[in-house]
Amino acid sequence: MDWHHVLAGRTGRMKASEIRELLKLLDQPDIISFAGGIPDPKLFPTAAFSDAMADVLSGPGAGAALQYSVSEGYRPLRDWIAVEMGRIGVPCDADNILITSGSQQALDYLAKLMINPGDTVLLGWPTYLGALGAFNAYEPRFDQLVPGGNRGAADYAAAAETAGGRVKFAYLSVDFANPTGETLSRRQREAVLDLAEALDIAIVEDAAYQSLRYDGEAVPPILALELERTGDLEACRTLYCGSFSKSLSPGLRVGWVVGAKSVISRLVLMKQAADLHSATLNQIATQRVAQSCFKDHVANLRAVYSARRDHMLDALGRHMPNGVTWTRPEGGMFIWVTLPVGLDGADLLARSLETERVAFVPGRAFFADGSNGNTLRLSFSCADEAMIEEGISRLGRLIRGQLRT
Ligand SMILES: Cc1ncc(COP(=O)(O)O)c(C=O)c1O
């Protein structure tokens, strides 16, 4: 069958993720990979999950754990999240929270909720690839958001109108962003709020890495800053997307959205239509593990990942030639490298895989307009000190060689 004439127009914008393709390389034993932005599986709280699941399935709640459940999500888990949100400046209750199948699903739902074809989404250059993919399916136009930059609301609105739609929301990965590792300052967050108020648009705050801060001062979420302004969560335009993927386990697919009840109730309808609810057993196990060991577990992750970050920063300092620069993240999993203009991350990857057997993600894929080819993303989350030293030294040698040719 020729599928083209039955496919919807939006499928033309869907393309395979370079990262997902690259993840296949992780299986080859001789590759040193800094490519996948994934947690180290050796650090998963496996015993805690095993105990929690065994306990649930051998007790009186086994039937309910294997049964359909409510679309909003497992109530004790939403209660636990509400307490944690309160700790970071967002007092709320369970009705302000929807459990999603990872925060990726929240990004899809929020785009589905707000974007008509031709509408504009404001986002950073570069931005999380999975957000570009999720939004793309709803056929938006992307415009570059520079938090605290000098383009005013009228300029964004006029550009959106010329393109045949209106600006609907600003999307930001706020802490230790994927891919740059950078964190938005309080001033930048306030500036985004000002812009969103002037444009009367929503803010999608992606806080997937929020719990992985290694040093520096925590910055309040945009939603907390907005609450300081409005005094009422129901009046807030920010929708906060959280996730247990980086702190406990990505495979269980448990994330959440916090926002005004009027939006959460619409998202609940969306979830009912899409997948009814996230996996009941996974939510129950996540709540039990979070309740028993979240703080200690995350403290251990911070200790291990921050040491890996330090090793990578140190190795970059020793092995990279002049003209190569990189970010110094205060948390998360990524360092963003900028090569001298003229070098291309994708070409470098091809050569690297062939000659040095080191993998990373070329930066171009993270730009909505495919620009800035002279960048790459390195992840330190799954590499030990020896791999980091060897991999960065090989990469430095390759780049030095490229600069000479
Ligand atoms: C910035 C960011 N947001 C969202 C996600 C999606 O995570 P999950 O759906 O596992 O919660 C990721 C995953 O890598 C990410 O890096």
# chains A, B, ... in the order shown; residues from 1 in each chain; ligands from 1
>>> closest_atom_pairs(of="chain A", to="ligand 1", cutoff="8 Å", atoms="only C-alpha atoms and all ligand atoms", output="CSV")
residue,atom,partner,partner_atom_place_in_ligand_line,distance
A:Gly37,CA,ligand 1,14 (O),6.0
A:Ile38,CA,ligand 1,14 (O),6.7
A:Ser101,CA,ligand 1,9 (O),6.8
A:Gly102,CA,ligand 1,9 (O),3.4
A:Ser103,CA,ligand 1,11 (O),3.7
A:Gln104,CA,ligand 1,9 (O),3.6
A:Gln105,CA,ligand 1,9 (O),6.3
A:Ala106,CA,ligand 1,9 (O),7.9
A:Leu107,CA,ligand 1,4 (C),7.7
A:Tyr128,CA,ligand 1,1 (C),5.3
A:Gly130,CA,ligand 1,5 (C),6.7
A:Ala131,CA,ligand 1,3 (N),7.0
A:Ser173,CA,ligand 1,1 (C),5.4
A:Ala177,CA,ligand 1,1 (C),6.0
A:Asn178,CA,ligand 1,1 (C),4.9
A:Pro179,CA,ligand 1,16 (O),7.5
A:Asp206,CA,ligand 1,3 (N),5.7
A:Ala207,CA,ligand 1,3 (N),7.0
A:Ala208,CA,ligand 1,3 (N),5.0
A:Tyr209,CA,ligand 1,1 (C),7.1
A:Gly242,CA,ligand 1,11 (O),7.0
A:Ser243,CA,ligand 1,11 (O),4.5
A:Phe244,CA,ligand 1,11 (O),6.4
A:Ser245,CA,ligand 1,10 (O),4.7
A:Lys246,CA,ligand 1,10 (O),7.3
A:Pro250,CA,ligand 1,10 (O),5.0
A:Gly251,CA,ligand 1,10 (O),7.7
A:Arg253,CA,ligand 1,10 (O),6.1
A:Val254,CA,ligand 1,11 (O),6.7
A:Gly255,CA,ligand 1,11 (O),5.3
>>> select_by_dssp(residues="segment 15-130 of chain A", states="alpha helix (DSSP H)", output="VMD selection string")
chain A and resid 18 to 23 46 to 58 62 to 65 75 to 87 102 to 114 129 to 130
>>> residues_around(residues="Val257 of chain A", least_positions_apart="6", cutoff="8 Å", atoms="only C-alpha atoms", output="PyMOL selection string")
chain A and resi 97-100+103+106+239-242+264
>>> atom_distance(atom1="atom CA of Pro340 of chain A", atom2="atom CA of Pro362 of chain A")
14.0 Å
>>> residues_around(residues="segment 310-327 of chain A", least_positions_apart="2", cutoff="9 Å", atoms="only C-alpha atoms", output="VMD selection string")
chain A and resid 180 to 182 305 to 308 329 334 to 340 380 384 to 385 388 to 390 392 to 397 399 to 400 403
>>> residues_around(residues="Arg213 of chain A", least_positions_apart="5", cutoff="9 Å", atoms="only C-alpha atoms", output="PyMOL selection string")
chain A and resi 175-176+218+302+306+330-332
>>> atom_distance(atom1="atom CA of Phe169 of chain A", atom2="atom CA of Arg187 of chain A")
19.2 Å
>>> decode(residues="segment 340-393 of chain A", atoms="C-alpha atoms", output="CSV table (one decimal), in the first residue's frame")
chain,number,residue,atom,x,y,z
A,340,PRO,CA,35.3,26.8,16.5
A,341,VAL,CA,33.0,28.0,13.6
A,342,GLY,CA,33.6,25.8,10.6
A,343,LEU,CA,33.7,22.5,12.5
A,344,ASP,CA,30.4,20.5,12.4
A,345,GLY,CA,29.2,18.3,15.3
A,346,ALA,CA,27.6,15.8,12.9
A,347,ASP,CA,30.8,15.4,10.8
A,348,LEU,CA,32.8,15.1,14.0
A,349,LEU,CA,30.5,12.4,15.3
A,350,ALA,CA,30.9,10.4,12.1
A,351,ARG,CA,34.7,10.6,12.3
A,352,SER,CA,34.6,10.0,16.0
A,353,LEU,CA,32.7,6.8,15.7
A,354,GLU,CA,35.0,5.6,13.0
A,355,THR,CA,38.3,6.4,14.5
A,356,GLU,CA,38.0,7.2,18.2
A,357,ARG,CA,34.9,5.2,19.1
A,358,VAL,CA,33.4,8.0,21.2
A,359,ALA,CA,29.7,9.0,20.9
A,360,PHE,CA,28.0,12.3,21.7
A,361,VAL,CA,25.0,14.2,20.3
A,362,PRO,CA,25.7,16.7,17.6
A,363,GLY,CA,24.1,20.0,18.6
A,364,ARG,CA,22.2,21.0,15.4
A,365,ALA,CA,19.2,18.7,16.3
A,366,PHE,CA,18.4,20.9,19.3
A,367,PHE,CA,17.9,24.0,17.2
A,368,ALA,CA,14.4,24.5,15.8
A,369,ASP,CA,15.9,26.0,12.7
A,370,GLY,CA,18.8,23.5,12.4
A,371,SER,CA,21.4,26.1,12.9
A,372,ASN,CA,24.6,26.1,15.1
A,373,GLY,CA,26.1,23.0,13.7
A,374,ASN,CA,29.4,23.7,15.5
A,375,THR,CA,28.0,22.4,18.9
A,376,LEU,CA,27.6,19.1,20.7
A,377,ARG,CA,26.1,17.7,23.8
A,378,LEU,CA,28.1,15.6,26.2
A,379,SER,CA,26.4,13.6,29.0
A,380,PHE,CA,28.4,12.6,32.0
A,381,SER,CA,25.7,10.6,33.8
A,382,CYS,CA,26.6,7.1,32.8
A,383,ALA,CA,30.4,7.4,32.5
A,384,ASP,CA,32.9,6.6,35.2
A,385,GLU,CA,36.1,8.6,35.8
A,386,ALA,CA,38.3,6.3,33.6
A,387,MET,CA,35.8,6.4,30.7
A,388,ILE,CA,35.6,10.2,31.0
A,389,GLU,CA,39.3,10.7,30.9
A,390,GLU,CA,39.8,8.3,28.0
A,391,GLY,CA,36.8,9.6,26.0
A,392,ILE,CA,37.5,13.3,26.4
A,393,SER,CA,41.2,12.8,25.6
